[in-house]
Each structure stands twice: as C-alpha cells, then as structure tokens.
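What follows is entry-v7.pdb (PDB, C-alpha atoms and all ligand atoms).
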ATOM      1  CA  MET A   1       6.382  17.805   5.228
ATOM      2  CA  SER A   2       5.118  16.212   8.399
ATOM      3  CA  ILE A   3       5.427  12.570   9.386
ATOM      4  CA  HIS A   4       3.283  10.572  11.792
ATOM      5  CA  SER A   5       4.109   7.119  13.122
ATOM      6  CA  SER A   6       1.459   4.462  13.679
ATOM      7  CA  ARG A   7       0.864   1.728  16.233
ATOM      8  CA  LEU A   8       2.573  -0.647  13.760
ATOM      9  CA  GLU A   9       6.265   0.119  14.082
ATOM     10  CA  GLY A  10       7.799   1.371  10.851
ATOM     11  CA  ILE A  11       4.557   2.444   9.176
ATOM     12  CA  LEU A  12       4.646   6.197   8.497
ATOM     13  CA  LEU A  13       1.949   8.566   7.302
ATOM     14  CA  ILE A  14       3.453  11.485   5.418
ATOM     15  CA  GLU A  15       1.838  14.828   4.683
ATOM     16  CA  PRO A  16       3.767  16.747   2.043
ATOM     17  CA  LYS A  17       4.058  20.538   2.179
ATOM     18  CA  LEU A  18       1.575  21.996  -0.254
ATOM     19  CA  PHE A  19       2.091  25.316  -2.066
ATOM     20  CA  LYS A  20      -1.224  26.649  -3.364
ATOM     21  CA  ASP A  21      -1.647  29.613  -5.678
ATOM     22  CA  GLU A  22      -4.061  30.881  -8.306
ATOM     23  CA  ARG A  23      -2.782  28.278 -10.776
ATOM     24  CA  GLY A  24      -3.358  25.333  -8.486
ATOM     25  CA  PHE A  25      -0.759  23.686  -6.263
ATOM     26  CA  PHE A  26       2.818  22.471  -6.160
ATOM     27  CA  MET A  27       4.298  19.775  -3.955
ATOM     28  CA  GLU A  28       7.375  17.622  -3.797
ATOM     29  CA  ALA A  29       6.015  14.082  -3.921
ATOM     30  CA  TYR A  30       9.450  12.609  -3.186
ATOM     31  CA  ASN A  31      12.630  14.362  -2.132
ATOM     32  CA  LYS A  32      15.478  11.948  -1.448
ATOM     33  CA  ARG A  33      17.290  14.270   0.993
ATOM     34  CA  LEU A  34      14.168  15.046   3.027
ATOM     35  CA  PHE A  35      12.961  11.443   3.124
ATOM     36  CA  HIS A  36      16.439  10.287   4.186
ATOM     37  CA  LEU A  37      16.383  12.871   6.999
ATOM     38  CA  HIS A  38      13.172  11.231   8.230
ATOM     39  CA  GLY A  39      14.694   7.743   8.098
ATOM     40  CA  ILE A  40      13.199   6.611   4.795
ATOM     41  CA  THR A  41      16.473   5.611   3.171
ATOM     42  CA  GLU A  42      15.198   2.930   0.796
ATOM     43  CA  ASP A  43      16.572   2.924  -2.708
ATOM     44  CA  PHE A  44      13.368   2.967  -4.756
ATOM     45  CA  VAL A  45      13.839   1.159  -8.072
ATOM     46  CA  GLN A  46      10.377   0.956  -9.617
ATOM     47  CA  ASP A  47       7.371   3.303  -9.857
ATOM     48  CA  ASN A  48       3.948   1.646 -10.227
ATOM     49  CA  HIS A  49       0.650   3.171 -11.308
ATOM     50  CA  SER A  50      -2.781   1.514 -11.282
ATOM     51  CA  LEU A  51      -6.260   2.608 -12.258
ATOM     52  CA  SER A  52      -9.309   1.021 -10.661
ATOM     53  CA  LYS A  53     -12.486   1.918 -12.512
ATOM     54  CA  GLN A  54     -15.151   0.768 -10.062
ATOM     55  CA  ILE A  55     -15.814   2.016  -6.550
ATOM     56  CA  GLY A  56     -15.134  -0.862  -4.173
ATOM     57  CA  THR A  57     -12.308  -2.389  -6.201
ATOM     58  CA  LEU A  58     -10.047  -4.205  -3.765
ATOM     59  CA  ARG A  59      -6.437  -5.098  -4.601
ATOM     60  CA  GLY A  60      -4.617  -7.206  -2.029
ATOM     61  CA  LEU A  61      -3.398  -8.319   0.327
ATOM     62  CA  HIS A  62      -0.032  -8.556  -1.416
ATOM     63  CA  TYR A  63       3.632  -9.008  -0.495
ATOM     64  CA  GLN A  64       6.796 -10.463  -1.927
ATOM     65  CA  LEU A  65       8.819 -13.054  -0.024
ATOM     66  CA  PRO A  66      12.427 -12.376   1.013
ATOM     67  CA  PRO A  67      14.919 -11.839  -0.521
ATOM     68  CA  LYS A  68      12.587  -9.884  -2.849
ATOM     69  CA  ALA A  69      10.460  -8.227  -0.145
ATOM     70  CA  GLN A  70       9.423  -4.686  -1.033
ATOM     71  CA  ALA A  71       9.138  -1.454   0.917
ATOM     72  CA  LYS A  72       6.463   0.784  -0.641
ATOM     73  CA  LEU A  73       5.625   4.479  -0.734
ATOM     74  CA  ILE A  74       1.958   4.861  -1.679
ATOM     75  CA  ARG A  75      -0.034   7.878  -2.856
ATOM     76  CA  VAL A  76      -3.288   8.565  -4.646
ATOM     77  CA  THR A  77      -3.332  10.957  -7.599
ATOM     78  CA  LYS A  78      -7.006  10.583  -8.490
ATOM     79  CA  GLY A  79      -9.896   9.496  -6.260
ATOM     80  CA  ALA A  80      -9.509   7.902  -2.832
ATOM     81  CA  ILE A  81      -8.639   4.615  -1.147
ATOM     82  CA  TYR A  82      -8.812   2.881   2.191
ATOM     83  CA  ASP A  83      -5.257   1.576   2.403
ATOM     84  CA  VAL A  84      -4.508  -1.411   4.642
ATOM     85  CA  VAL A  85      -1.283  -2.913   5.957
ATOM     86  CA  VAL A  86      -0.852  -6.175   7.869
ATOM     87  CA  ASP A  87       2.241  -6.849   9.977
ATOM     88  CA  LEU A  88       3.873 -10.100   8.771
ATOM     89  CA  ARG A  89       7.027  -9.774  10.894
ATOM     90  CA  GLN A  90       6.950 -12.876  13.072
ATOM     91  CA  ASP A  91       9.158 -11.294  15.762
ATOM     92  CA  SER A  92       6.984  -8.181  15.986
ATOM     93  CA  PRO A  93       4.694  -7.495  18.978
ATOM     94  CA  THR A  94       2.039  -6.510  16.419
ATOM     95  CA  PHE A  95       2.427  -9.622  14.214
ATOM     96  CA  GLY A  96      -0.920 -10.283  12.477
ATOM     97  CA  LYS A  97      -2.338  -6.854  13.340
ATOM     98  CA  TRP A  98      -3.660  -4.514  10.658
ATOM     99  CA  GLU A  99      -4.178  -0.796  10.292
ATOM    100  CA  GLY A 100      -6.101   1.278   7.729
ATOM    101  CA  PHE A 101      -5.529   4.771   6.357
ATOM    102  CA  MET A 102      -7.508   7.120   4.129
ATOM    103  CA  LEU A 103      -5.388   8.306   1.223
ATOM    104  CA  SER A 104      -6.836  10.542  -1.454
ATOM    105  CA  ALA A 105      -5.908  12.880  -4.258
ATOM    106  CA  GLU A 106      -7.434  15.581  -2.089
ATOM    107  CA  ASN A 107      -5.585  14.936   1.195
ATOM    108  CA  LYS A 108      -2.335  14.016  -0.637
ATOM    109  CA  LYS A 109      -1.218  11.803   2.245
ATOM    110  CA  GLN A 110       1.374   9.150   1.512
ATOM    111  CA  LEU A 111       1.958   5.880   3.309
ATOM    112  CA  PHE A 112       5.419   4.429   3.807
ATOM    113  CA  ILE A 113       5.336   0.649   4.294
ATOM    114  CA  PRO A 114       8.602  -1.076   5.199
ATOM    115  CA  LYS A 115       9.421  -4.643   4.169
ATOM    116  CA  GLY A 116       7.550  -7.227   6.233
ATOM    117  CA  PHE A 117       3.976  -6.072   5.609
ATOM    118  CA  ALA A 118       1.155  -7.241   3.371
ATOM    119  CA  HIS A 119      -0.602  -4.384   1.591
ATOM    120  CA  GLY A 120      -3.995  -3.884   0.008
ATOM    121  CA  PHE A 121      -6.472  -1.146  -0.755
ATOM    122  CA  CYS A 122     -10.120  -0.615  -1.539
ATOM    123  CA  THR A 123     -11.183   2.252  -3.769
ATOM    124  CA  LEU A 124     -13.705   4.755  -2.426
ATOM    125  CA  MET A 125     -14.298   6.630  -5.700
ATOM    126  CA  LYS A 126     -14.540   5.533  -9.303
ATOM    127  CA  ASP A 127     -11.509   5.865 -11.588
ATOM    128  CA  THR A 128      -9.073   5.946  -8.686
ATOM    129  CA  GLU A 129      -5.393   6.061  -9.582
ATOM    130  CA  VAL A 130      -2.728   4.883  -7.139
ATOM    131  CA  GLN A 131       0.970   5.486  -7.658
ATOM    132  CA  TYR A 132       3.695   3.927  -5.560
ATOM    133  CA  LYS A 133       7.408   3.466  -5.394
ATOM    134  CA  VAL A 134       8.971   0.104  -4.460
ATOM    135  CA  ASP A 135      12.547  -0.703  -3.479
ATOM    136  CA  GLU A 136      12.722  -4.144  -5.084
ATOM    137  CA  PHE A 137      11.751  -5.216  -8.586
ATOM    138  CA  TYR A 138       8.575  -7.172  -9.247
ATOM    139  CA  SER A 139       9.279 -10.876  -8.901
ATOM    140  CA  PRO A 140       6.343 -13.135  -9.836
ATOM    141  CA  GLU A 141       8.071 -16.130  -8.167
ATOM    142  CA  HIS A 142       8.119 -14.271  -4.832
ATOM    143  CA  ASP A 143       4.696 -12.650  -5.212
ATOM    144  CA  ARG A 144       2.243 -13.849  -2.511
ATOM    145  CA  GLY A 145      -1.187 -12.927  -1.216
ATOM    146  CA  ILE A 146      -3.427 -13.313   1.810
ATOM    147  CA  ARG A 147      -7.220 -13.435   1.610
ATOM    148  CA  TRP A 148      -8.695  -9.959   2.036
ATOM    149  CA  ASN A 149     -11.532 -11.133   4.302
ATOM    150  CA  ASP A 150      -9.588 -13.514   6.530
ATOM    151  CA  PRO A 151     -11.636 -13.742   9.757
ATOM    152  CA  HIS A 152      -8.445 -14.014  11.815
ATOM    153  CA  LEU A 153      -7.281 -10.605  10.541
ATOM    154  CA  ALA A 154     -10.815  -9.147  10.745
ATOM    155  CA  ILE A 155     -10.057  -6.106   8.615
ATOM    156  CA  ASP A 156     -12.834  -3.539   8.705
ATOM    157  CA  TRP A 157     -13.074  -2.883   4.959
ATOM    158  CA  PRO A 158     -15.475  -0.168   3.788
ATOM    159  CA  VAL A 159     -17.297  -2.633   1.486
ATOM    160  CA  SER A 160     -18.590  -6.142   2.106
ATOM    161  CA  VAL A 161     -18.700  -7.248  -1.551
ATOM    162  CA  PRO A 162     -15.634  -5.791  -3.279
ATOM    163  CA  PHE A 163     -14.651  -6.097  -6.933
ATOM    164  CA  LEU A 164     -11.665  -8.492  -6.927
ATOM    165  CA  SER A 165      -9.345 -10.174  -9.404
ATOM    166  CA  SER A 166      -9.759 -13.958  -9.541
ATOM    167  CA  LYS A 167      -6.221 -14.196  -8.127
ATOM    168  CA  ASP A 168      -7.107 -12.056  -5.096
ATOM    169  CA  ALA A 169     -10.309 -14.039  -4.451
ATOM    170  CA  ALA A 170      -8.286 -17.250  -4.049
ATOM    171  CA  HIS A 171      -5.382 -16.321  -1.776
ATOM    172  CA  PRO A 172      -4.731 -18.493   1.290
ATOM    173  CA  PHE A 173      -5.782 -17.377   4.743
ATOM    174  CA  PHE A 174      -3.258 -15.764   7.074
ATOM    175  CA  THR A 175      -2.487 -18.903   9.089
ATOM    176  CA  GLU A 176      -1.723 -20.869   5.883
ATOM    177  CA  ALA A 177       0.292 -18.111   4.209
ATOM    178  CA  GLU A 178       3.972 -18.608   3.428
ATOM    179  CA  LEU A 179       5.853 -15.859   5.267
TER
HETATM  180  C1  LIG A 201       2.723  -5.630  -9.240
HETATM  181  C2  LIG A 201       3.187  -5.823 -10.692
HETATM  182  C3  LIG A 201       2.353  -6.462 -11.597
HETATM  183  N1  LIG A 201       2.761  -6.645 -12.878
HETATM  184  C4  LIG A 201       1.844  -7.315 -13.814
HETATM  185  C5  LIG A 201       1.454  -8.724 -13.430
HETATM  186  C6  LIG A 201       0.021  -8.844 -13.873
HETATM  187  O1  LIG A 201      -0.053  -9.371 -15.185
HETATM  188  C7  LIG A 201      -0.519  -7.428 -13.884
HETATM  189  C8  LIG A 201      -1.438  -7.118 -12.714
HETATM  190  O2  LIG A 201      -0.793  -7.527 -11.520
HETATM  191  P1  LIG A 201      -1.559  -7.583 -10.136
HETATM  192  O3  LIG A 201      -2.902  -8.182 -10.355
HETATM  193  O4  LIG A 201      -0.658  -8.250  -9.151
HETATM  194  O5  LIG A 201      -1.702  -6.033  -9.809
HETATM  195  P2  LIG A 201      -2.202  -5.370  -8.435
HETATM  196  O6  LIG A 201      -3.305  -6.199  -7.879
HETATM  197  O7  LIG A 201      -2.463  -3.955  -8.672
HETATM  198  O8  LIG A 201      -0.912  -5.584  -7.516
HETATM  199  C9  LIG A 201      -0.476  -4.585  -6.633
HETATM  200  O9  LIG A 201      -1.385  -4.536  -5.529
HETATM  201  C10 LIG A 201      -1.027  -3.618  -4.485
HETATM  202  C11 LIG A 201      -2.046  -3.772  -3.383
HETATM  203  C12 LIG A 201       0.375  -3.754  -4.054
HETATM  204  O10 LIG A 201       0.719  -3.610  -2.870
HETATM  205  C13 LIG A 201       1.388  -3.921  -5.122
HETATM  206  O11 LIG A 201       2.659  -4.261  -4.605
HETATM  207  C14 LIG A 201       0.940  -4.926  -6.158
HETATM  208  O12 LIG A 201       0.966  -6.221  -5.593
HETATM  209  O13 LIG A 201       0.631  -6.569 -13.846
HETATM  210  C15 LIG A 201       4.000  -6.220 -13.303
HETATM  211  O14 LIG A 201       4.376  -6.401 -14.491
HETATM  212  N2  LIG A 201       4.821  -5.569 -12.421
HETATM  213  C16 LIG A 201       4.455  -5.371 -11.134
HETATM  214  O15 LIG A 201       5.237  -4.753 -10.330
END
For the structure just supplied, provide its representation as structure tokens.
Amino acid sequence: MSIHSSRLEGILLIEPKLFKDERGFFMEAYNKRLFHLHGITEDFVQDNHSLSKQIGTLRGLHYQLPPKAQAKLIRVTKGAIYDVVVDLRQDSPTFGKWEGFMLSAENKKQLFIPKGFAHGFCTLMKDTEVQYKVDEFYSPEHDRGIRWNDPHLAIDWPVSVPFLSSKDAAHPFFTEAEL
C-alpha cells in the first residue's frame, strides 16, 4: 500500500495494493501490522456503514467532543464521494482550514482522519455506500456538527443545493461551534 500525507498534518490518503485477476480483485482493506508500521496505531472499535441514495447527499460536518473524539478510516465500497475534513485543533497552524479528497469504489482510496477534525462528505453517484472504522464508540452526548456551507470555511463542495438531514441543515457556524 502507499500512503500520502496532506497539507493538514495527520491526514493520510492511503492506496491499498490491489491484486487483479480473471475473477476480479483482492485487497487488504485493513491490516493492523501494516497500518501500525505507517503510524496508524489507533485501536478501532466500531465499523460504520451508510448508504446514500441520492446524488448530492451531504452528511456533515461531524465530530465528537473529547474525551470521545474519534479517529476515522474512511472508504467507499459503492459509488463515489467528495470527502472533506476541517482542522479543529486550536493549536494547529492549519486550524479552520479544510481539504477535500475524491474517494470511490473504483479508486479504492482510503482517508485516515485523526482526532481533532470535523468530517463530512457529498455523494457523487447514486446509491453510494461508505464504510469507516472509528476508534471511539458513538456518543450522542458528544456528537457535534458545523454547518456545511459556513462562509468562513468556504468549502468548495461539488453541489450548491445538497440533500441534507434536518440535523445537518441546522448546525452552528464554525465560530460558534463548541470545540
Ligand atoms: C454515527 C452514528 C449514528 N447512529 C445513529 C444515530 C441516528 O439515529 C442515525 C443516523 O445518524 P447520523 O445522522 O448522525 O448519521 P451520519 O450523518 O451518517 O453520521 C456520520 O456522518 C459522517 C460524515 C461521519 O463522519 C460519521 O462519524 C457520522 O457522524 O444513526 C448510531 O447509532 N451510531 C453511530 O455511530
């Protein structure tokens, strides 16, 4: 597998080694020893899986507050997403900066997101399925969100009118968010 760092420290884009043959392909989606060798030593405790039926479905921007903050390892098993992270680490030189990545069932790229980031994605194909590992259990009391179209963040989403949950449409803006 190959790993690429990003301008946001700690964010890693991972390309697994793919074995193709006449039957199809094989890949190791997660290999504890290999990931540890590359510094991803989180103890993942929960695997999540979501389906978004419509193109332009946007989930986010989500995070959990400490002490229940989550690191995440994201991949797409059907369809494609534009995956976005926002640096919420107040001591970081890139605090408040965002970055976007194309993840798809076809390119099989994975995104590792350490604790301290908000995360969201917008689907680029219908019936897109996203699967991700997290290193802390879901905690509704610590669950928080930031408004997807916050002008301060100025995220360049691929759609201007996404399909949102009512919860995601009502999140506070970045400057009012509890961090
Ligand atoms: C995230 C989560 C939700 N749920 C429940 C709560 C709710 O009734 C239902 C749907 O929850 P949500 O609307 O928060 O689902 P969703 O909008 O898909 O939330 C996810 O979005 C992406 C961007 C992330 O980064 C994830 O960490 C997570 O926050 O599922 C769990 O039981 N466990 C979980 O881990």
Write out as CSV the residues of chain A that have any atom within 7 Å of an atom of ligand LIG 201 (chain A), one row each with the nearest atom pair and its distance in Å to one decimal, counting only C-alpha atoms and all ligand atoms, sorted by chain and then rising number.
residue,atom,partner,partner_atom,distance
A:Asn48,CA,A:LIG201,O15,6.5
A:Ser50,CA,A:LIG201,O7,6.1
A:Arg59,CA,A:LIG201,O6,4.7
A:Gly60,CA,A:LIG201,C11,4.5
A:Leu61,CA,A:LIG201,C11,6.0
A:His62,CA,A:LIG201,O12,4.9
A:Tyr63,CA,A:LIG201,O11,6.4
A:His119,CA,A:LIG201,O10,4.7
A:Gly120,CA,A:LIG201,C11,3.9
A:Phe121,CA,A:LIG201,C11,5.8
A:Phe137,CA,A:LIG201,O15,6.8
A:Tyr138,CA,A:LIG201,O15,4.3
A:Ser165,CA,A:LIG201,O3,6.8
Can you turn the PyMOL selection byres (((chain A and resi 156) around 12) and not hetatm) into a concrete residue list for this file, as JSON, numbers by chain?
-> {"A": [82, 83, 84, 85, 97, 98, 99, 100, 101, 121, 122, 148, 149, 150, 151, 152, 153, 154, 155, 157, 158, 159, 160]}
Who sits within 10 Å of A:Glu42, all atoms listed in the file, same chain under 6 positions skipped, as number ranges by chain = A: 32, 35-36, 70-73, 114, 133-136
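Nearest residue to A:Leu8 among A:Gly56, A:Gly145, A:Pro140, A:Pro93 is A:Pro93, counting all atoms listed in the file.
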Kindly provide, as number ranges by chain, the polymer residues lying within 7 Å of (11.7, -16.1, 0.6), counting all atoms listed in the file and using the coordinates exactly as they appear in the file.
-> A: 65-67, 142
State, in Å with one decimal place, the distance from atom CA of A:Asp87 to atom CA of A:Phe117.
-> 4.8 Å
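With all atoms listed in the file as the atoms that count, the minimum distance from A:Phe95 to the choices A:Phe25, A:His49, A:Gly116, A:Gly39 is reached by A:Gly116.
Atom pair atom CA of A:Gln46 / atom CA of A:Thr94: separated by 28.3 Å.
When all atoms listed in the file are used to measure the gap to A:Leu88, the shortest distance among A:Gln64, A:Met102, A:Gln131, A:Leu111 belongs to A:Gln64.
Atom CA of A:Val76 is found 10.8 Å from atom CA of A:Ala29.
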Considering only C-alpha atoms, return as a PyMOL selection string whatever protein or nucleic-acid residues lie within 8 Å of A:Thr77, sequence-local ones (same chain, fewer than 2 positions apart) excluded.
-> chain A and resi 75+79+104-105+108+128-131
Long-range neighbours of A:Ile14 as a PDB file with C-alpha atoms, in the coordinates of the input, 7 Å cut-off, only C-alpha atoms, 2 positions minimum in chain:
ATOM      1  CA  MET A   1       6.382  17.805   5.228  1.00  0.00           C
ATOM      2  CA  SER A   2       5.118  16.212   8.399  1.00  0.00           C
ATOM      3  CA  ILE A   3       5.427  12.570   9.386  1.00  0.00           C
ATOM      4  CA  HIS A   4       3.283  10.572  11.792  1.00  0.00           C
ATOM      5  CA  LEU A  12       4.646   6.197   8.497  1.00  0.00           C
ATOM      6  CA  PRO A  16       3.767  16.747   2.043  1.00  0.00           C
ATOM      7  CA  LYS A 109      -1.218  11.803   2.245  1.00  0.00           C
ATOM      8  CA  GLN A 110       1.374   9.150   1.512  1.00  0.00           C
ATOM      9  CA  LEU A 111       1.958   5.880   3.309  1.00  0.00           C
TER      10      LEU A 111
END
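Residue nearest A:Leu13, chosen from A:Val45, A:Thr123, A:Ile40, A:Lys115 and counting all atoms listed in the file: A:Ile40.
Distances here use only C-alpha atoms; by that measure, the residue among A:Phe19, A:Ala169, A:Lys68, A:Phe174 closest to A:Gly96 is A:Phe174.
Candidate residues A:Ile55, A:Asn31, A:Lys17, A:Leu37 were compared for distance to A:Val161, and the nearest is A:Ile55, using only C-alpha atoms.
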